[in-house]
file start03.pdb (PDB, C-alpha atoms)
ATOM      1  CA  MET N   1     145.317   5.159 194.713
ATOM      2  CA  GLU N   2     142.884   7.262 196.714
ATOM      3  CA  PHE N   3     139.226   7.663 195.793
ATOM      4  CA  TYR N   4     139.423  11.463 196.044
ATOM      5  CA  HIS N   5     142.236  11.436 193.436
ATOM      6  CA  LEU N   6     139.761  10.040 190.921
ATOM      7  CA  ARG N   7     137.156  12.612 191.896
ATOM      8  CA  THR N   8     139.707  15.397 191.390
ATOM      9  CA  PHE N   9     140.779  13.899 188.041
ATOM     10  CA  LEU N  10     137.162  13.899 186.811
ATOM     11  CA  THR N  11     136.497  17.436 188.059
ATOM     12  CA  VAL N  12     139.556  18.863 186.308
ATOM     13  CA  ALA N  13     138.577  16.957 183.157
ATOM     14  CA  ASP N  14     135.088  18.495 183.303
ATOM     15  CA  GLU N  15     136.235  22.029 184.067
ATOM     16  CA  GLY N  16     139.425  22.113 182.001
ATOM     17  CA  HIS N  17     140.893  24.558 184.522
ATOM     18  CA  LEU N  18     142.629  24.114 187.881
ATOM     19  CA  THR N  19     141.133  27.195 189.530
ATOM     20  CA  ARG N  20     137.551  26.345 188.570
ATOM     21  CA  ALA N  21     138.087  22.730 189.631
ATOM     22  CA  ALA N  22     139.447  23.884 193.004
ATOM     23  CA  GLU N  23     136.417  26.120 193.555
ATOM     24  CA  LYS N  24     134.091  23.287 192.635
ATOM     25  CA  LEU N  25     135.882  20.880 194.981
ATOM     26  CA  MET N  26     136.029  23.615 197.635
ATOM     27  CA  THR N  27     139.772  23.279 198.062
ATOM     28  CA  SER N  28     142.892  25.133 196.938
ATOM     29  CA  GLN N  29     144.539  25.074 193.508
ATOM     30  CA  PRO N  30     147.836  23.715 194.951
ATOM     31  CA  ALA N  31     145.890  20.850 196.552
ATOM     32  CA  VAL N  32     144.277  19.986 193.211
ATOM     33  CA  SER N  33     147.674  20.084 191.465
ATOM     34  CA  ALA N  34     149.204  17.843 194.127
ATOM     35  CA  GLN N  35     146.392  15.307 193.814
ATOM     36  CA  LEU N  36     146.787  15.191 190.030
ATOM     37  CA  ARG N  37     150.539  14.675 190.363
ATOM     38  CA  ALA N  38     149.967  11.871 192.851
ATOM     39  CA  LEU N  39     147.518  10.164 190.478
ATOM     40  CA  GLU N  40     149.852  10.554 187.487
ATOM     41  CA  ASP N  41     152.721   9.104 189.552
ATOM     42  CA  GLU N  42     150.493   6.189 190.546
ATOM     43  CA  VAL N  43     149.487   5.300 186.980
ATOM     44  CA  GLY N  44     152.905   6.145 185.560
ATOM     45  CA  MET N  45     151.750   8.463 182.781
ATOM     46  CA  LYS N  46     150.594  12.001 182.106
ATOM     47  CA  LEU N  47     146.837  12.463 182.208
ATOM     48  CA  PHE N  48     146.735  16.176 181.326
ATOM     49  CA  GLU N  49     148.576  18.640 179.158
ATOM     50  CA  ARG N  50     149.019  22.020 180.869
ATOM     51  CA  THR N  51     148.294  24.653 178.202
ATOM     52  CA  SER N  52     147.854  28.427 178.251
ATOM     53  CA  LYS N  53     144.095  27.889 177.995
ATOM     54  CA  GLY N  54     143.846  25.321 180.764
ATOM     55  CA  MET N  55     144.039  21.579 181.315
ATOM     56  CA  VAL N  56     143.548  19.240 178.370
ATOM     57  CA  LEU N  57     143.282  15.466 178.722
ATOM     58  CA  THR N  58     146.020  13.423 177.060
ATOM     59  CA  SER N  59     145.060  10.387 175.015
ATOM     60  CA  ALA N  60     145.724   8.255 178.108
ATOM     61  CA  GLY N  61     143.542  10.562 180.199
ATOM     62  CA  ARG N  62     140.696  10.295 177.718
ATOM     63  CA  SER N  63     140.981   6.511 177.733
ATOM     64  CA  LEU N  64     140.862   6.312 181.540
ATOM     65  CA  ARG N  65     138.118   8.880 182.087
ATOM     66  CA  GLU N  66     135.179   6.527 181.501
ATOM     67  CA  GLN N  67     136.680   3.910 183.800
ATOM     68  CA  ALA N  68     137.170   6.530 186.521
ATOM     69  CA  GLU N  69     133.544   7.583 186.192
ATOM     70  CA  ARG N  70     132.387   3.972 186.626
ATOM     71  CA  ILE N  71     134.544   3.541 189.727
ATOM     72  CA  VAL N  72     133.245   6.723 191.360
ATOM     73  CA  GLU N  73     129.610   5.827 190.660
ATOM     74  CA  ALA N  74     130.117   2.241 191.863
ATOM     75  CA  ALA N  75     131.632   3.492 195.119
ATOM     76  CA  LYS N  76     128.642   5.762 195.708
ATOM     77  CA  ASP N  77     126.193   2.916 195.013
ATOM     78  CA  PHE N  78     128.126   0.559 197.314
ATOM     79  CA  LYS N  79     128.015   3.027 200.200
ATOM     80  CA  CYS N  80     124.329   3.780 199.703
ATOM     81  CA  GLN N  81     123.377   0.075 199.707
ATOM     82  CA  ALA N  82     125.558  -0.631 202.725
ATOM     83  CA  ASP N  83     123.916   2.195 204.672
ATOM     84  CA  ALA N  84     120.457   0.888 203.770
ATOM     85  CA  LEU N  85     121.283  -2.551 205.255
ATOM     86  CA  ARG N  86     122.125  -1.175 208.685
ATOM     87  CA  ASP N  87     119.533  -0.981 211.433
ATOM     88  CA  THR N  88     120.805   2.448 212.423
ATOM     89  CA  ILE N  89     121.400   5.418 210.167
ATOM     90  CA  SER N  90     125.115   5.910 209.713
ATOM     91  CA  GLY N  91     127.733   6.995 207.216
ATOM     92  CA  GLU N  92     129.357  10.249 206.171
ATOM     93  CA  LEU N  93     127.530  13.047 204.397
ATOM     94  CA  VAL N  94     128.858  16.063 202.539
ATOM     95  CA  LEU N  95     126.776  18.993 203.792
ATOM     96  CA  GLY N  96     126.969  22.173 201.702
ATOM     97  CA  LEU N  97     126.739  25.521 203.513
ATOM     98  CA  ASN N  98     126.218  28.794 201.659
ATOM     99  CA  ASN N  99     125.891  31.115 204.636
ATOM    100  CA  ARG N 100     126.894  31.749 208.240
ATOM    101  CA  PRO N 101     125.959  28.981 210.725
ATOM    102  CA  GLU N 102     123.627  31.204 212.736
ATOM    103  CA  ILE N 103     121.655  32.175 209.628
ATOM    104  CA  LEU N 104     121.279  28.519 208.594
ATOM    105  CA  ARG N 105     120.464  27.455 212.196
ATOM    106  CA  LEU N 106     123.253  24.956 211.765
ATOM    107  CA  MET N 107     124.119  24.382 215.427
ATOM    108  CA  GLU N 108     120.516  23.547 216.265
ATOM    109  CA  ILE N 109     120.303  21.191 213.284
ATOM    110  CA  LEU N 110     123.559  19.381 214.080
ATOM    111  CA  GLY N 111     122.657  19.157 217.766
ATOM    112  CA  ASP N 112     119.364  17.447 216.911
ATOM    113  CA  LEU N 113     121.073  15.097 214.441
ATOM    114  CA  THR N 114     123.789  14.184 216.940
ATOM    115  CA  ALA N 115     121.183  13.354 219.589
ATOM    116  CA  ASN N 116     119.086  11.183 217.275
ATOM    117  CA  HIS N 117     121.633   9.747 214.804
ATOM    118  CA  SER N 118     124.916   9.519 216.679
ATOM    119  CA  GLU N 119     126.590   7.357 214.002
ATOM    120  CA  LEU N 120     126.269   9.967 211.255
ATOM    121  CA  ARG N 121     129.404  11.888 210.320
ATOM    122  CA  TYR N 122     129.659  15.056 208.264
ATOM    123  CA  GLU N 123     132.011  16.885 205.966
ATOM    124  CA  LEU N 124     130.972  20.537 206.021
ATOM    125  CA  LEU N 125     131.801  22.410 202.818
ATOM    126  CA  CYS N 126     131.295  26.172 202.490
ATOM    127  CA  GLY N 127     130.718  27.752 199.102
ATOM    128  CA  SER N 128     128.468  30.006 197.058
ATOM    129  CA  SER N 129     124.955  28.917 196.132
ATOM    130  CA  GLY N 130     126.103  28.163 192.590
ATOM    131  CA  VAL N 131     128.860  25.880 193.832
ATOM    132  CA  ILE N 132     126.427  24.096 196.177
ATOM    133  CA  LEU N 133     123.926  23.571 193.354
ATOM    134  CA  GLN N 134     126.606  22.260 191.033
ATOM    135  CA  GLY N 135     127.764  19.821 193.704
ATOM    136  CA  LEU N 136     124.197  18.634 194.278
ATOM    137  CA  ASP N 137     123.634  18.232 190.551
ATOM    138  CA  GLU N 138     126.762  16.099 190.221
ATOM    139  CA  GLY N 139     126.232  14.197 193.459
ATOM    140  CA  SER N 140     129.471  15.336 195.126
ATOM    141  CA  ILE N 141     127.386  17.120 197.802
ATOM    142  CA  SER N 142     124.835  14.987 199.640
ATOM    143  CA  ILE N 143     122.535  17.771 200.812
ATOM    144  CA  GLY N 144     123.035  21.506 201.000
ATOM    145  CA  PHE N 145     121.690  25.007 201.568
ATOM    146  CA  PHE N 146     121.443  27.509 198.731
ATOM    147  CA  GLU N 147     119.698  30.756 197.834
ATOM    148  CA  GLY N 148     117.586  31.411 194.767
ATOM    149  CA  GLU N 149     115.275  29.131 192.829
ATOM    150  CA  CYS N 150     116.572  25.808 191.601
ATOM    151  CA  ASN N 151     116.130  24.884 187.942
ATOM    152  CA  HIS N 152     118.131  21.660 188.053
ATOM    153  CA  PRO N 153     115.898  18.713 187.104
ATOM    154  CA  LYS N 154     118.005  16.307 189.196
ATOM    155  CA  ILE N 155     117.623  18.245 192.463
ATOM    156  CA  ILE N 156     114.722  18.119 194.928
ATOM    157  CA  TRP N 157     114.447  21.235 197.062
ATOM    158  CA  HIS N 158     112.419  22.742 199.901
ATOM    159  CA  GLN N 159     112.077  26.447 200.617
ATOM    160  CA  LEU N 160     112.866  27.312 204.245
ATOM    161  CA  ASP N 161     112.607  31.102 204.333
ATOM    162  CA  THR N 162     113.449  34.203 202.342
ATOM    163  CA  ILE N 163     116.638  36.260 202.508
ATOM    164  CA  GLU N 164     116.344  40.035 202.255
ATOM    165  CA  LEU N 165     118.915  41.590 199.929
ATOM    166  CA  CYS N 166     120.243  45.141 199.846
ATOM    167  CA  LEU N 167     123.108  47.226 198.523
ATOM    168  CA  ALA N 168     125.671  47.714 201.283
ATOM    169  CA  ALA N 169     128.159  50.578 201.549
ATOM    170  CA  PRO N 170     130.627  51.885 204.145
ATOM    171  CA  VAL N 171     128.860  53.914 206.823
ATOM    172  CA  ALA N 172     131.082  56.885 205.877
ATOM    173  CA  TRP N 173     129.235  57.030 202.529
ATOM    174  CA  ALA N 174     125.761  57.046 204.131
ATOM    175  CA  GLU N 175     125.092  60.778 203.843
ATOM    176  CA  GLU N 176     126.421  61.051 200.290
ATOM    177  CA  LEU N 177     124.265  58.122 199.118
ATOM    178  CA  ALA N 178     121.187  58.818 201.241
ATOM    179  CA  GLN N 179     119.123  59.690 198.146
ATOM    180  CA  PRO N 180     118.903  57.068 195.386
ATOM    181  CA  ASP N 181     121.201  58.045 192.550
ATOM    182  CA  TRP N 182     122.408  55.125 190.443
ATOM    183  CA  LYS N 183     124.985  57.229 188.601
ATOM    184  CA  LYS N 184     126.736  57.958 191.881
ATOM    185  CA  LEU N 185     126.856  54.226 192.557
ATOM    186  CA  GLU N 186     128.276  53.584 189.090
ATOM    187  CA  ALA N 187     131.248  55.790 189.928
ATOM    188  CA  LYS N 188     131.963  54.004 193.207
ATOM    189  CA  PRO N 189     134.282  51.006 193.550
ATOM    190  CA  TRP N 190     132.364  47.704 193.619
ATOM    191  CA  ILE N 191     133.058  44.362 195.223
ATOM    192  CA  PHE N 192     131.731  41.403 193.261
ATOM    193  CA  VAL N 193     131.218  37.946 194.704
ATOM    194  CA  SER N 194     131.832  34.631 192.945
ATOM    195  CA  ARG N 195     130.233  34.281 189.513
ATOM    196  CA  MET N 196     128.500  31.160 190.847
ATOM    197  CA  CYS N 197     126.784  33.085 193.671
ATOM    198  CA  SER N 198     123.140  34.146 193.433
ATOM    199  CA  TYR N 199     124.222  37.634 194.561
ATOM    200  CA  PHE N 200     126.416  38.000 191.468
ATOM    201  CA  LEU N 201     123.402  37.269 189.264
ATOM    202  CA  ALA N 202     121.433  39.888 191.195
ATOM    203  CA  ILE N 203     124.156  42.500 190.610
ATOM    204  CA  GLN N 204     124.117  41.681 186.891
ATOM    205  CA  SER N 205     120.352  42.139 186.846
ATOM    206  CA  ILE N 206     120.620  45.536 188.579
ATOM    207  CA  CYS N 207     123.211  46.725 186.067
ATOM    208  CA  ARG N 208     121.036  45.688 183.125
ATOM    209  CA  GLU N 209     117.889  47.322 184.526
ATOM    210  CA  GLN N 210     119.607  50.581 185.450
ATOM    211  CA  GLY N 211     121.855  50.754 182.397
ATOM    212  CA  LEU N 212     124.999  50.732 184.524
ATOM    213  CA  SER N 213     128.497  49.891 183.408
ATOM    214  CA  VAL N 214     130.185  48.662 186.578
ATOM    215  CA  THR N 215     133.716  47.318 186.769
ATOM    216  CA  PRO N 216     134.512  45.514 190.018
ATOM    217  CA  ARG N 217     137.609  46.579 191.916
ATOM    218  CA  PHE N 218     137.570  43.299 193.853
ATOM    219  CA  ARG N 219     136.229  39.828 193.172
ATOM    220  CA  VAL N 220     135.861  37.753 196.329
ATOM    221  CA  ASN N 221     134.348  34.299 196.844
ATOM    222  CA  GLU N 222     134.060  34.507 200.638
ATOM    223  CA  GLU N 223     131.377  36.606 202.335
ATOM    224  CA  LEU N 224     133.280  37.637 205.475
ATOM    225  CA  THR N 225     136.076  39.128 203.367
ATOM    226  CA  VAL N 226     133.491  41.024 201.302
ATOM    227  CA  LEU N 227     131.941  42.519 204.438
ATOM    228  CA  ASN N 228     135.321  43.558 205.844
ATOM    229  CA  LEU N 229     136.252  45.272 202.567
ATOM    230  CA  VAL N 230     132.987  47.227 202.638
ATOM    231  CA  ALA N 231     133.361  48.095 206.319
ATOM    232  CA  ASP N 232     136.864  49.449 205.680
ATOM    233  CA  GLY N 233     135.594  51.797 202.959
ATOM    234  CA  LEU N 234     136.990  49.919 199.960
ATOM    235  CA  GLY N 235     133.761  49.469 198.007
ATOM    236  CA  LEU N 236     130.083  48.597 197.977
ATOM    237  CA  THR N 237     128.384  45.287 197.262
ATOM    238  CA  LEU N 238     125.082  43.426 197.307
ATOM    239  CA  THR N 239     124.474  41.253 200.353
ATOM    240  CA  SER N 240     121.758  40.145 202.766
ATOM    241  CA  ARG N 241     120.246  42.551 205.268
ATOM    242  CA  SER N 242     121.094  40.122 208.067
ATOM    243  CA  GLN N 243     124.795  40.474 207.186
ATOM    244  CA  VAL N 244     124.571  44.265 207.415
ATOM    245  CA  GLU N 245     122.871  43.941 210.817
ATOM    246  CA  ALA N 246     125.365  41.366 212.120
ATOM    247  CA  PRO N 247     127.432  42.180 215.228
ATOM    248  CA  GLY N 248     130.675  43.818 214.223
ATOM    249  CA  PHE N 249     129.229  45.285 211.022
ATOM    250  CA  LYS N 250     125.990  47.077 211.898
ATOM    251  CA  ASP N 251     127.866  50.236 212.937
ATOM    252  CA  ARG N 252     130.296  50.069 210.007
ATOM    253  CA  ILE N 253     128.061  49.194 207.028
ATOM    254  CA  VAL N 254     124.854  50.878 205.864
ATOM    255  CA  ALA N 255     122.064  49.496 203.679
ATOM    256  CA  LEU N 256     121.356  51.855 200.761
ATOM    257  CA  PRO N 257     117.809  52.835 199.704
ATOM    258  CA  HIS N 258     118.364  52.117 196.001
ATOM    259  CA  PHE N 259     117.387  48.479 195.946
ATOM    260  CA  ARG N 260     115.504  45.913 197.990
ATOM    261  CA  ALA N 261     114.636  42.356 197.057
ATOM    262  CA  ALA N 262     114.365  38.866 198.485
ATOM    263  CA  VAL N 263     115.467  35.408 197.401
ATOM    264  CA  PRO N 264     114.378  32.030 198.805
ATOM    265  CA  LEU N 265     116.657  30.131 201.182
ATOM    266  CA  CYS N 266     116.400  26.424 200.378
ATOM    267  CA  ILE N 267     117.677  22.990 201.316
ATOM    268  CA  GLY N 268     118.221  20.572 198.422
ATOM    269  CA  TYR N 269     119.550  17.130 197.613
ATOM    270  CA  PRO N 270     120.016  15.008 194.462
ATOM    271  CA  SER N 271     116.902  13.116 193.393
ATOM    272  CA  SER N 272     119.123  10.012 193.228
ATOM    273  CA  LYS N 273     119.476  10.254 197.037
ATOM    274  CA  ALA N 274     115.754  10.541 197.758
ATOM    275  CA  ASP N 275     115.814   7.036 199.292
ATOM    276  CA  ASP N 276     119.092   7.475 201.164
ATOM    277  CA  PRO N 277     118.258   7.149 204.901
ATOM    278  CA  ALA N 278     121.085   9.476 205.966
ATOM    279  CA  VAL N 279     120.101  12.244 203.541
ATOM    280  CA  MET N 280     116.437  11.902 204.530
ATOM    281  CA  ALA N 281     117.398  12.140 208.217
ATOM    282  CA  VAL N 282     119.183  15.439 207.565
ATOM    283  CA  ARG N 283     116.332  16.735 205.408
ATOM    284  CA  ASP N 284     113.691  15.903 208.016
ATOM    285  CA  THR N 285     115.755  17.497 210.784
ATOM    286  CA  VAL N 286     116.314  20.693 208.771
ATOM    287  CA  LEU N 287     112.602  20.989 208.012
ATOM    288  CA  LYS N 288     111.723  20.321 211.654
ATOM    289  CA  VAL N 289     114.142  22.935 212.971
ATOM    290  CA  TRP N 290     113.026  25.532 210.427
ATOM    291  CA  GLY N 291     109.406  24.801 211.341
ATOM    292  CA  LYS N 292     110.080  26.041 214.875
ATOM    293  CA  PRO N 293     110.566  29.650 216.019
ATOM    294  CA  ARG N 294     114.137  30.759 216.510
ATOM    295  CA  LYS N 295     115.410  30.501 220.077
ATOM    296  CA  ALA N 296     117.554  33.582 219.499
ATOM    297  CA  PRO N 297     116.116  35.726 216.678
ATOM    298  CA  LEU N 298     118.464  37.501 214.334
ATOM    299  CA  PRO N 299     118.473  41.311 214.604
ATOM    300  CA  PRO N 300     115.317  42.805 213.037
ATOM    301  CA  ILE N 301     115.581  44.175 209.515
ATOM    302  CA  ALA N 302     115.403  47.958 209.657
ATOM    303  CA  GLU N 303     113.480  49.926 207.082
ATOM    304  CA  ALA N 304     115.564  51.419 204.294
ATOM    305  CA  PRO N 305     115.932  55.235 204.378
ATOM    306  CA  SER N 306     112.979  56.969 202.811
ATOM    307  CA  GLY N 307     113.171  58.801 199.517
ATOM    308  CA  ALA N 308     110.590  59.945 197.003
ATOM    309  CA  ASN N 309     112.448  58.397 194.112
ATOM    310  CA  ALA N 310     113.613  55.298 195.939
ATOM    311  CA  ARG N 311     113.296  52.244 193.795
ATOM    312  CA  ARG N 312     112.453  49.182 195.862
ATOM    313  CA  GLN N 313     111.934  45.675 194.739
ATOM    314  CA  THR N 314     109.918  43.668 197.222
ATOM    315  CA  ALA N 315     108.969  40.043 197.331
ATOM    316  CA  SER N 316     106.508  38.101 199.411
ATOM    317  CA  ARG N 317     108.072  36.451 202.430
ATOM    318  CA  PRO N 318     106.370  33.121 203.130
ATOM    319  CA  ARG N 319     108.141  31.684 206.174
ATOM    320  CA  HIS N 320     108.975  28.009 206.355
ATOM    321  CA  GLN N 321     107.227  27.310 203.044
ATOM    322  CA  GLN N 322     108.247  23.890 201.821
ATOM    323  CA  SER N 323     108.165  22.580 198.279
ATOM    324  CA  ASN N 324     108.688  18.976 197.313
ATOM    325  CA  ARG N 325     108.470  19.649 193.596
ATOM    326  CA  ARG N 326     111.283  18.849 191.249
ATOM    327  CA  ARG N 327     111.940  21.863 189.079
ATOM    328  CA  SER N 328     112.814  21.245 185.453
TER
END
call {"tool": "encode", "arguments": {"input": "start03.pdb", "output": "structure tokens"}}
result
Amino acid sequence: MEFYHLRTFLTVADEGHLTRAAEKLMTSQPAVSAQLRALEDEVGMKLFERTSKGMVLTSAGRSLREQAERIVEAAKDFKCQADALRDTISGELVLGLNNRPEILRLMEILGDLTANHSELRYELLCGSSGVILQGLDEGSISIGFFEGECNHPKIIWHQLDTIELCLAAPVAWAEELAQPDWKKLEAKPWIFVSRMCSYFLAIQSICREQGLSVTPRFRVNEELTVLNLVADGLGLTLTSRSQVEAPGFKDRIVALPHFRAAVPLCIGYPSSKADDPAVMAVRDTVLKVWGKPRKAPLPPIAEAPSGANARRQTASRPRHQQSNRRRS
């Protein structure tokens, strides 16, 4: 029996749905199904009933759930204590990434960590900010990047920077949408990101404030696919200005004047890992790297097109502001 089988079993039990469990575990639905089958074969009994509404624990599954939770927690405690006894910082961390490596300064961070803590190993998991926060809250992610404020009482976080947001459209629509007109946007096809992404919450907020009724043509949980759909003229979305200015997209996607805002970019970790030497090593390295100027700055953020009726939401942009507070 593999440890990750138990983790998958508990995640499916919590979510009651294979697709949501796969998103949370940052894997595919077939992989989750295969792991459940392997576990059921190992114990020799069915642990779930597959229903039209999702996955429901059998009586055997309910009986074994508490034991599985104890095993998973004991394994985490064992590893943490073992790491603390070593003279050098070692072990494997699950590092959550919510954005492109160059935006997170990931290569610089990992280069510094490799030079100073050569025995550390990493599992890099990419997902939306909501998925990262959920993983941090549950302890399945050791430390991770996310956007937006954190209201989880069990997560400690530090603000690194702010991310400029904008509405992005195909460059072919630039002239038509040069003047802010929300009704025109309502009639356009939209691309929504994952419901667990901070950008999805921002789109919901825009729709409420402007009285829009928007039905997405596409729902996508991966940013590069979203950008390619926009660039190919298949819809508009909300994204970061740095994505619009990225090589390969800056001549194909335009930032609209209708909306401008900013959200904090943060690094966070579970409060239960505040004494974990490996997690603290990553935290300190991230804060050190983000406290230094970029060696290769990202393209500058251009001003949005002017318009007398342009509605802009702005936010202060404190750079490298750090917060050690636990938000409840």
call {"tool": "closest_residue", "arguments": {"input": "start03.pdb", "among": "N:Thr58, N:Leu6, N:Tyr122, N:Gly91", "to": "Arg70 of chain N", "atoms": "all atoms listed in the file"}}
result
N:Leu6
call {"tool": "atom_distance", "arguments": {"input": "start03.pdb", "atom1": "atom CA of Arg105 of chain N", "atom2": "atom CA of Ala262 of chain N"}}
result
18.9 Å
call {"tool": "residues_around", "arguments": {"input": "start03.pdb", "residues": "Leu124 of chain N", "least_positions_apart": "6", "cutoff": "9 Å", "atoms": "all atoms listed in the file", "output": "PyMOL selection string"}}
result
chain N and resi 93-97
call {"tool": "residues_near_point", "arguments": {"input": "start03.pdb", "point": "(118.9, 13.9, 192.9)", "cutoff": "10 Å", "atoms": "all atoms listed in the file", "output": "list of chain:residue names"}}
result
N:Leu136, N:Asp137, N:Glu138, N:Gly139, N:Ser142, N:Ile143, N:His152, N:Pro153, N:Lys154, N:Ile155, N:Ile156, N:Trp157, N:Gly268, N:Tyr269, N:Pro270, N:Ser271, N:Ser272, N:Lys273, N:Ala274, N:Asp275, N:Arg326
call {"tool": "closest_residue", "arguments": {"input": "start03.pdb", "among": "N:Ala202, N:Leu18, N:Leu185, N:Ala172", "to": "Val214 of chain N", "atoms": "only C-alpha atoms"}}
result
N:Leu185
call {"tool": "resolve_selection", "arguments": {"input": "start03.pdb", "expression": "the PyMOL selection byres ((chain N and resi 24) around 10)", "output": "PyMOL selection string"}}
result
chain N and resi 8+11-12+15+18-23+25-28+127-128+130-132+134-135+140+196
call {"tool": "closest_residue", "arguments": {"input": "start03.pdb", "among": "N:Gln159, N:Ile89, N:Asn98, N:Asp14", "to": "Thr114 of chain N", "atoms": "only C-alpha atoms"}}
result
N:Ile89
call {"tool": "closest_residue", "arguments": {"input": "start03.pdb", "among": "N:Trp190, N:Phe3, N:Phe78, N:Trp290", "to": "Val226 of chain N", "atoms": "all atoms listed in the file"}}
result
N:Trp190
call {"tool": "atom_distance", "arguments": {"input": "start03.pdb", "atom1": "atom CA of Asp41 of chain N", "atom2": "atom CA of Ala60 of chain N"}}
result
13.4 Å
call {"tool": "atom_distance", "arguments": {"input": "start03.pdb", "atom1": "atom CA of Thr237 of chain N", "atom2": "atom CA of Phe145 of chain N"}}
result
21.8 Å
call {"tool": "residues_around", "arguments": {"input": "start03.pdb", "residues": "Lys46 of chain N", "least_positions_apart": "2", "cutoff": "9 Å", "atoms": "only C-alpha atoms", "output": "ChimeraX atom specification"}}
result
/N:37,40-41,43-44,48-49,57-58,60-61
call {"tool": "write_last_selection", "arguments": {"input": "start03.pdb", "atoms": "C-alpha atoms", "output": "PDB file, in the coordinates of the input"}}
result
ATOM      1  CA  ARG N  37     150.539  14.675 190.363  1.00  0.00           C
ATOM      2  CA  GLU N  40     149.852  10.554 187.487  1.00  0.00           C
ATOM      3  CA  ASP N  41     152.721   9.104 189.552  1.00  0.00           C
ATOM      4  CA  VAL N  43     149.487   5.300 186.980  1.00  0.00           C
ATOM      5  CA  GLY N  44     152.905   6.145 185.560  1.00  0.00           C
ATOM      6  CA  PHE N  48     146.735  16.176 181.326  1.00  0.00           C
ATOM      7  CA  GLU N  49     148.576  18.640 179.158  1.00  0.00           C
ATOM      8  CA  LEU N  57     143.282  15.466 178.722  1.00  0.00           C
ATOM      9  CA  THR N  58     146.020  13.423 177.060  1.00  0.00           C
ATOM     10  CA  ALA N  60     145.724   8.255 178.108  1.00  0.00           C
ATOM     11  CA  GLY N  61     143.542  10.562 180.199  1.00  0.00           C
TER      12      GLY N  61
END
